[in-house]
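Asker: Below you'll find data-v9.txt; it's compact mmCIF, C-alpha atoms and all ligand atoms.
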```
# COMPACT_ATOMS: atom_id res chain seq x y z
CA MET U 1 -34.78 283.80 27.07
CA ASN U 2 -33.23 286.73 25.19
CA ALA U 3 -36.45 288.69 25.55
CA ALA U 4 -36.31 288.07 29.31
CA ILE U 5 -32.65 289.14 29.53
CA ARG U 6 -33.48 292.29 27.60
CA ALA U 7 -36.40 293.04 29.92
CA VAL U 8 -34.33 292.55 33.08
CA VAL U 9 -31.48 294.76 31.80
CA ARG U 10 -33.79 297.51 30.59
CA ALA U 11 -35.93 297.46 33.73
CA CYS U 12 -32.73 297.85 35.77
CA ALA U 13 -31.69 300.82 33.63
CA TYR U 14 -35.15 302.34 33.95
CA TYR U 15 -34.86 302.14 37.74
CA LYS U 16 -31.26 303.46 37.61
CA LYS U 17 -29.57 300.21 38.56
CA GLU U 18 -26.62 298.55 36.89
CA SER U 19 -26.88 295.06 35.47
CA TYR U 20 -24.41 292.31 34.67
CA GLY U 21 -24.77 289.16 32.61
CA ILE U 22 -23.33 285.96 33.99
CA MET U 23 -22.11 283.78 31.11
CA ARG U 24 -23.01 280.07 30.97
CA GLY U 25 -25.14 280.17 34.11
CA TYR U 26 -23.60 278.91 37.32
CA GLU U 27 -20.42 277.87 35.48
CA GLY U 28 -19.73 281.52 34.64
CA MET U 29 -20.50 282.52 38.19
CA ILE U 30 -17.86 280.11 39.48
CA GLU U 31 -15.30 281.16 36.86
CA GLY U 32 -16.02 284.87 37.19
CA ASP U 33 -17.19 285.11 33.57
CA ILE U 34 -19.36 288.16 34.17
CA VAL U 35 -20.02 291.01 31.70
CA LYS U 36 -21.49 294.45 32.19
CA LEU U 37 -24.74 294.93 30.31
CA GLY U 38 -26.76 298.01 29.44
CA PRO U 39 -29.88 298.90 27.47
CA ARG U 40 -27.94 299.01 24.18
CA SER U 41 -26.13 295.72 24.67
CA VAL U 42 -29.48 293.92 24.66
CA GLY U 43 -30.70 295.57 21.46
CA ASN U 44 -31.66 293.37 18.49
CA ILE U 45 -32.06 290.21 20.57
CA ILE U 46 -35.81 290.08 21.28
CA GLN U 47 -36.40 288.12 18.06
CA ARG U 48 -33.54 285.66 18.55
CA GLY U 49 -33.83 282.14 19.94
CA GLY U 50 -31.35 280.70 22.43
CA THR U 51 -29.62 282.98 24.92
CA ILE U 52 -26.86 285.56 24.39
CA LEU U 53 -25.57 284.62 27.84
CA LYS U 54 -25.26 280.95 26.83
CA SER U 55 -26.13 278.09 29.08
CA ALA U 56 -24.40 275.16 30.79
CA ARG U 57 -25.04 272.41 33.27
CA SER U 58 -22.80 272.95 36.27
CA ASP U 59 -21.74 270.05 38.46
CA ALA U 60 -19.38 272.35 40.37
CA PHE U 61 -22.30 274.49 41.57
CA ARG U 62 -23.71 271.43 43.31
CA THR U 63 -20.72 271.50 45.67
CA PRO U 64 -20.25 273.93 48.61
CA GLU U 65 -16.78 274.83 47.23
CA GLY U 66 -18.25 275.74 43.85
CA ARG U 67 -20.93 277.92 45.40
CA LYS U 68 -18.36 279.61 47.62
CA LYS U 69 -16.29 280.58 44.57
CA ALA U 70 -19.44 281.84 42.86
CA TYR U 71 -20.26 283.96 45.90
CA GLN U 72 -16.76 285.45 45.96
CA ASN U 73 -17.03 286.40 42.30
CA ILE U 74 -20.35 288.14 42.59
CA GLN U 75 -19.11 289.93 45.71
CA LYS U 76 -16.11 291.13 43.72
CA GLU U 77 -18.45 292.65 41.09
CA GLY U 78 -20.64 294.22 43.77
CA ILE U 79 -23.69 292.27 42.60
CA GLU U 80 -26.53 292.69 45.09
CA ALA U 81 -29.29 290.55 43.61
CA LEU U 82 -29.70 287.69 41.15
CA VAL U 83 -32.26 286.87 38.48
CA ALA U 84 -31.98 283.37 37.02
CA ILE U 85 -33.87 282.05 34.00
CA GLY U 86 -34.38 278.31 33.70
CA GLY U 87 -36.16 275.23 34.96
CA ASP U 88 -36.01 272.89 37.94
CA GLY U 89 -32.22 272.55 38.06
CA THR U 90 -31.67 276.31 37.88
CA PHE U 91 -34.18 276.92 40.66
CA THR U 92 -32.76 274.27 42.95
CA GLY U 93 -29.29 275.75 42.54
CA LEU U 94 -30.40 279.30 43.22
CA HIS U 95 -32.49 278.26 46.20
CA LYS U 96 -29.52 276.51 47.77
CA PHE U 97 -27.32 279.52 47.04
CA TYR U 98 -29.87 281.82 48.64
CA GLU U 99 -30.08 279.65 51.75
CA GLU U 100 -26.31 279.79 52.14
CA TYR U 101 -25.50 283.38 51.14
CA LYS U 102 -28.80 285.28 51.41
CA ILE U 103 -28.35 287.14 48.11
CA PRO U 104 -31.82 288.39 47.07
CA SER U 105 -32.86 286.08 44.25
CA ILE U 106 -35.72 285.66 41.80
CA CYS U 107 -36.25 283.02 39.14
CA ILE U 108 -37.98 283.28 35.79
CA PRO U 109 -39.36 280.00 34.40
CA GLY U 110 -37.79 279.24 31.02
CA THR U 111 -38.29 275.75 29.61
CA ILE U 112 -40.12 274.45 26.57
CA ASP U 113 -41.58 271.66 28.72
CA ASN U 114 -44.05 273.93 30.58
CA ASP U 115 -43.66 271.64 33.56
CA ILE U 116 -43.07 274.19 36.33
CA ALA U 117 -45.73 274.67 38.99
CA GLY U 118 -46.77 278.21 39.91
CA THR U 119 -47.20 279.47 36.35
CA ASP U 120 -49.61 278.71 33.54
CA TYR U 121 -46.82 279.13 30.97
CA THR U 122 -43.05 278.95 30.89
CA ILE U 123 -40.94 280.90 28.39
CA GLY U 124 -40.29 278.85 25.24
CA TYR U 125 -43.24 276.52 25.49
CA ASP U 126 -45.44 278.45 23.07
CA THR U 127 -42.67 278.76 20.47
CA ALA U 128 -41.77 275.07 20.70
CA THR U 129 -45.41 274.01 20.40
CA ASN U 130 -45.99 276.23 17.38
CA THR U 131 -42.88 274.78 15.73
CA ALA U 132 -44.19 271.28 16.43
CA VAL U 133 -47.56 272.16 14.89
CA GLU U 134 -45.88 273.53 11.78
CA ALA U 135 -43.83 270.33 11.46
CA ILE U 136 -46.93 268.17 11.94
CA ASP U 137 -48.74 270.11 9.20
CA ARG U 138 -45.85 269.46 6.83
CA ILE U 139 -45.62 265.78 7.71
CA ARG U 140 -49.36 265.45 7.20
CA ASP U 141 -48.93 266.18 3.49
CA THR U 142 -46.86 263.03 3.04
CA ALA U 143 -49.01 261.01 5.42
CA LEU U 144 -52.11 261.91 3.45
CA SER U 145 -50.65 261.52 -0.02
CA HIS U 146 -49.11 258.12 0.73
CA ASN U 147 -51.66 256.80 3.24
CA ARG U 148 -48.99 256.46 5.88
CA LEU U 149 -48.95 256.11 9.62
CA PHE U 150 -46.50 258.59 11.15
CA PHE U 151 -45.06 258.54 14.65
CA ILE U 152 -43.83 262.04 15.43
CA GLU U 153 -41.71 262.47 18.54
CA VAL U 154 -41.55 265.80 20.34
CA MET U 155 -39.47 266.82 23.35
CA GLY U 156 -40.79 266.35 26.87
CA ARG U 157 -38.75 264.10 29.12
CA ASN U 158 -41.28 264.25 31.94
CA SER U 159 -43.98 266.37 30.45
CA GLY U 160 -46.61 265.88 27.77
CA TYR U 161 -47.54 269.53 27.29
CA ILE U 162 -45.94 269.98 23.87
CA ALA U 163 -47.21 266.60 22.68
CA ILE U 164 -50.81 266.93 23.80
CA ASN U 165 -51.35 270.46 22.58
CA SER U 166 -49.40 270.23 19.31
CA GLY U 167 -51.25 266.97 18.70
CA ILE U 168 -54.67 268.52 19.18
CA ALA U 169 -53.73 271.57 17.11
CA GLY U 170 -52.11 269.42 14.42
CA GLY U 171 -55.07 267.05 14.21
CA ALA U 172 -53.20 263.94 15.33
CA VAL U 173 -55.22 260.80 15.98
CA THR U 174 -53.70 260.37 19.44
CA MET U 175 -50.92 261.55 21.68
CA ILE U 176 -48.78 259.38 23.92
CA ILE U 177 -47.54 261.30 26.94
CA PRO U 178 -45.75 260.41 30.20
CA GLU U 179 -48.76 261.51 32.29
CA ASP U 180 -51.21 259.14 30.61
CA ASP U 181 -51.63 255.39 31.10
CA THR U 182 -52.53 254.39 27.55
CA THR U 183 -51.10 250.92 26.96
CA PHE U 184 -49.52 249.73 23.74
CA ASP U 185 -52.51 247.42 23.16
CA GLN U 186 -54.92 250.35 23.47
CA LEU U 187 -52.86 252.35 21.01
CA TYR U 188 -52.76 249.45 18.57
CA GLU U 189 -56.52 248.95 18.87
CA LEU U 190 -57.14 252.60 18.06
CA LEU U 191 -54.89 252.42 15.01
CA GLU U 192 -56.59 249.22 13.87
CA GLU U 193 -60.05 250.75 14.26
CA ASN U 194 -58.95 253.70 12.17
CA GLY U 195 -57.37 251.42 9.60
CA ASN U 196 -60.73 249.69 9.15
CA THR U 197 -62.56 252.94 8.49
CA THR U 198 -62.22 255.46 5.73
CA LYS U 199 -59.47 257.25 7.65
CA LYS U 200 -56.54 256.97 5.30
CA SER U 201 -53.63 258.46 7.20
CA ASN U 202 -52.76 258.66 10.84
CA LEU U 203 -50.48 260.88 12.84
CA VAL U 204 -49.47 259.88 16.35
CA VAL U 205 -47.58 262.42 18.45
CA VAL U 206 -45.31 260.87 21.08
CA ALA U 207 -43.62 262.74 23.92
CA GLU U 208 -40.02 261.57 24.36
CA GLY U 209 -40.81 260.54 27.95
CA SER U 210 -43.66 258.21 26.90
CA LYS U 211 -43.94 255.23 29.24
CA ILE U 212 -44.61 252.76 26.42
CA GLY U 213 -41.64 253.79 24.27
CA GLY U 214 -40.56 256.63 22.01
CA ALA U 215 -41.63 257.04 18.40
CA ILE U 216 -38.99 254.67 17.01
CA GLU U 217 -39.85 251.93 19.48
CA LEU U 218 -43.60 252.29 18.98
CA ALA U 219 -43.23 252.17 15.20
CA LYS U 220 -41.19 248.98 15.54
CA LYS U 221 -43.75 247.35 17.84
CA VAL U 222 -46.63 248.17 15.49
CA ALA U 223 -44.69 246.82 12.51
CA GLU U 224 -43.94 243.61 14.42
CA ARG U 225 -47.64 243.07 15.02
CA SER U 226 -48.88 243.80 11.52
CA ASN U 227 -47.61 244.67 8.07
CA TYR U 228 -50.86 246.47 7.29
CA PHE U 229 -49.44 249.91 8.01
CA ASP U 230 -46.91 251.85 5.99
CA ILE U 231 -45.05 253.39 8.94
CA LYS U 232 -42.67 256.33 9.11
CA VAL U 233 -41.02 258.08 12.05
CA THR U 234 -39.93 261.70 12.56
CA VAL U 235 -38.11 262.75 15.71
CA LEU U 236 -38.31 266.53 16.03
CA GLY U 237 -35.92 266.78 19.00
CA HIS U 238 -33.87 269.96 19.32
CA LEU U 239 -35.56 271.51 16.32
CA LEU U 240 -38.17 272.55 18.86
CA ARG U 241 -35.69 274.42 21.04
CA GLY U 242 -34.58 277.01 18.50
CA GLY U 243 -35.79 279.70 16.19
CA PRO U 244 -37.44 283.08 16.62
CA PRO U 245 -39.85 283.19 19.54
CA THR U 246 -43.57 283.72 19.02
CA TYR U 247 -45.26 286.99 19.97
CA PHE U 248 -46.68 285.19 23.03
CA ASP U 249 -43.25 284.14 24.33
CA ARG U 250 -41.71 287.57 23.70
CA LEU U 251 -44.51 289.23 25.62
CA LEU U 252 -44.43 286.68 28.43
CA ALA U 253 -40.65 287.02 28.78
CA SER U 254 -40.86 290.83 28.70
CA ARG U 255 -43.51 290.87 31.41
CA MET U 256 -41.66 288.36 33.57
CA GLY U 257 -38.33 290.18 33.21
CA VAL U 258 -39.80 293.48 34.36
CA ALA U 259 -41.71 291.70 37.14
CA ALA U 260 -38.50 290.05 38.37
CA VAL U 261 -36.74 293.39 38.77
CA GLU U 262 -39.75 295.12 40.30
CA GLY U 263 -40.25 292.14 42.61
CA LEU U 264 -36.69 292.51 43.89
CA PHE U 265 -37.27 296.23 44.55
CA GLU U 266 -40.40 295.31 46.49
CA GLY U 267 -38.33 293.00 48.67
CA LYS U 268 -39.53 289.72 47.14
CA ASN U 269 -36.97 287.04 47.59
CA ASP U 270 -36.37 283.36 46.96
CA VAL U 271 -39.41 283.32 44.69
CA MET U 272 -40.33 282.56 41.10
CA VAL U 273 -42.21 284.94 38.85
CA GLY U 274 -45.20 283.25 37.24
CA ILE U 275 -48.28 284.04 35.24
CA LYS U 276 -51.70 282.88 36.39
CA ASP U 277 -54.89 283.87 34.60
CA ASN U 278 -52.82 286.44 32.72
CA LYS U 279 -51.67 288.16 35.92
CA ILE U 280 -48.13 288.21 37.27
CA VAL U 281 -47.73 286.22 40.49
CA TYR U 282 -44.81 285.34 42.78
CA ASN U 283 -44.50 281.94 44.45
CA SER U 284 -41.91 280.82 46.96
CA PHE U 285 -39.40 278.22 45.73
CA ASP U 286 -40.48 275.86 48.45
CA THR U 287 -44.04 275.82 47.13
CA ILE U 288 -43.03 275.44 43.51
CA MET U 289 -40.55 272.66 44.05
CA GLN U 290 -43.13 270.51 45.82
CA TYR U 291 -45.39 270.33 42.78
CA HIS U 292 -45.30 269.49 39.11
CA HIS U 293 -47.35 271.49 36.62
CA GLU U 294 -49.99 268.86 35.96
CA ILE U 295 -51.25 268.32 32.46
CA ASP U 296 -54.73 269.69 31.90
CA ARG U 297 -56.98 266.62 32.00
CA GLU U 298 -59.49 268.53 29.88
CA SER U 299 -56.99 268.47 27.00
CA LEU U 300 -56.80 264.68 27.25
CA ARG U 301 -60.58 264.46 27.15
CA ILE U 302 -60.82 266.73 24.12
CA ALA U 303 -58.13 264.77 22.33
CA LYS U 304 -60.12 261.54 22.84
CA ILE U 305 -63.34 263.07 21.51
CA LEU U 306 -61.59 264.40 18.42
CA ALA U 307 -59.83 261.11 17.65
CA ILE U 308 -63.10 259.68 16.27
O1 LIG U 401 -35.73 270.10 29.88
C1 LIG U 401 -36.21 270.52 28.66
C2 LIG U 401 -35.90 269.56 27.57
O2 LIG U 401 -36.36 270.19 26.43
C3 LIG U 401 -36.45 268.14 27.64
O3 LIG U 401 -37.74 267.97 27.18
C4 LIG U 401 -35.43 267.37 26.86
O4 LIG U 401 -35.38 266.03 27.20
C5 LIG U 401 -34.17 268.06 27.26
O5 LIG U 401 -34.50 269.40 27.47
C6 LIG U 401 -33.04 267.92 26.31
O6 LIG U 401 -31.92 268.51 26.90
P1 LIG U 401 -30.47 268.39 26.29
O7 LIG U 401 -30.45 269.31 25.12
O8 LIG U 401 -29.58 268.85 27.35
O9 LIG U 401 -30.32 266.98 25.87
```
Using structure tokens, write down the structure from this file.
Ligand code: F6P
Answerer:
Amino acid sequence: MNAAIRAVVRACAYYKKESYGIMRGYEGMIEGDIVKLGPRSVGNIIQRGGTILKSARSDAFRTPEGRKKAYQNIQKEGIEALVAIGGDGTFTGLHKFYEEYKIPSICIPGTIDNDIAGTDYTIGYDTATNTAVEAIDRIRDTALSHNRLFFIEVMGRNSGYIAINSGIAGGAVTMIIPEDDTTFDQLYELLEENGNTTKKSNLVVVAEGSKIGGAIELAKKVAERSNYFDIKVTVLGHLLRGGPPTYFDRLLASRMGVAAVEGLFEGKNDVMVGIKDNKIVYNSFDTIMQYHHEIDRESLRIAKILAI
């Protein structure tokens, strides 16, 4: 997100426009916590995780009174357009605000879940998935040395992107994701089959939104059915949301930040910047909000072939 903030601020400066940072998202907009930014104030942040502007969930922005206050504050600062970075919740808020106050607005998709329609990638997803792969590699050393079955849980409340792709890249035996209908019995069968072969260790990557239970629950269920396996669990959780972004995410965020500013100058409004086939695209909020970024079924197929 920092790389995106930097890109927006510097693109504004390049086109001779002023830019302001709104602290803690919509909360800061309501409280008037707004700071002037310039090309130098966003130096030395491209390599940092998190966001210098901080983030918050805002219940007040869901109310007409909250949005009215926010509008008054941005009016006071003379702000003429908004760029918001975030996921579903951020977009819904900005869309509503646009409908009411008609401030030109553009969103940039930033979520590790990669679950936003209208873009092949969201900012943060690549970094989170690489972190998950690194963790899986490290866990594999213990799994292999001790012949253990590991359940590794990654983030993804409604989305299996991190799980499926870190699982393939990390060589996991299977991935349990919210979008798939694998039952517990099918999972157990697969583990049993592997246990009967020469395969000595097994890694199962579980998305937190799995329909048949998270890593802890699945480990418990397997242990209840058999004491054959030596089972361990690792929940990666928020570890995946921090740390220096990958080259891919920095580049994606830089491109999207510039595209957001240029889009506003071109009169684009109430849209989200996305990337499709490596080209910048703009999609209306209405279109995006109707869809979910579906998991690539081809990844599921590949994962099954490689589980042999
Ligand atoms: O929405 C992105 C996400 O990473 C989810 O996968 C996860 O459930 C959630 O954020 C965690 O959010 P919080 O830190 O607010 O608990």
Asker: Looking at U:Ser105, U:Thr51, U:Asn158, U:Thr119, which one is nearest to ligand LIG 401 (chain U), with distances taken over only C-alpha atoms and all ligand atoms?
Answerer: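 For ligand LIG 401 (chain U), the nearest of the candidates is U:Asn158.
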Asker: So, counting all atoms listed in the file, which residue among U:Ile280, U:Leu239, U:Ile176, U:Ile85 is closest to Glu262 (chain U)?
Answerer: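 Looking at the shortest contact to Glu262 (chain U), the residue is U:Ile280.
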Asker: So the first atom is CA of Gly213 (chain U) and the second is CA of Gln290 (chain U); what is the distance between them in Å, to one decimal place?
Answerer: 27.3 Å
Asker: Which of these residues is nearest to ligand LIG 401 (chain U), using only C-alpha atoms and all ligand atoms: U:Asp115, U:Asp141, U:Glu189, U:Glu134?
Answerer: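 Among the listed residues, U:Asp115 lies closest to ligand LIG 401 (chain U).
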Asker: Quick one: residues within 10 Å of Tyr291 (chain U), all atoms listed in the file counted, chain neighbours fewer than 2 positions away excluded, as a PDB file with C-alpha atoms, keeping the file's coordinate frame?
Answerer:
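part-v2.pdb, freshly written:
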```pdb
ATOM      1  CA  ASP U 115     -43.660 271.640  33.560  1.00  0.00           C
ATOM      2  CA  ILE U 116     -43.070 274.190  36.330  1.00  0.00           C
ATOM      3  CA  ALA U 117     -45.730 274.670  38.990  1.00  0.00           C
ATOM      4  CA  GLY U 118     -46.770 278.210  39.910  1.00  0.00           C
ATOM      5  CA  ASP U 286     -40.480 275.860  48.450  1.00  0.00           C
ATOM      6  CA  THR U 287     -44.040 275.820  47.130  1.00  0.00           C
ATOM      7  CA  ILE U 288     -43.030 275.440  43.510  1.00  0.00           C
ATOM      8  CA  MET U 289     -40.550 272.660  44.050  1.00  0.00           C
ATOM      9  CA  HIS U 293     -47.350 271.490  36.620  1.00  0.00           C
ATOM     10  CA  GLU U 294     -49.990 268.860  35.960  1.00  0.00           C
TER      11      GLU U 294
END
```
Asker: I'd like to know which of U:Glu65, U:Glu266, U:Asp88, U:Glu100 is closest to His292 (chain U), using only C-alpha atoms.
Answerer: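 Looking at the shortest contact to His292 (chain U), the residue is U:Asp88.
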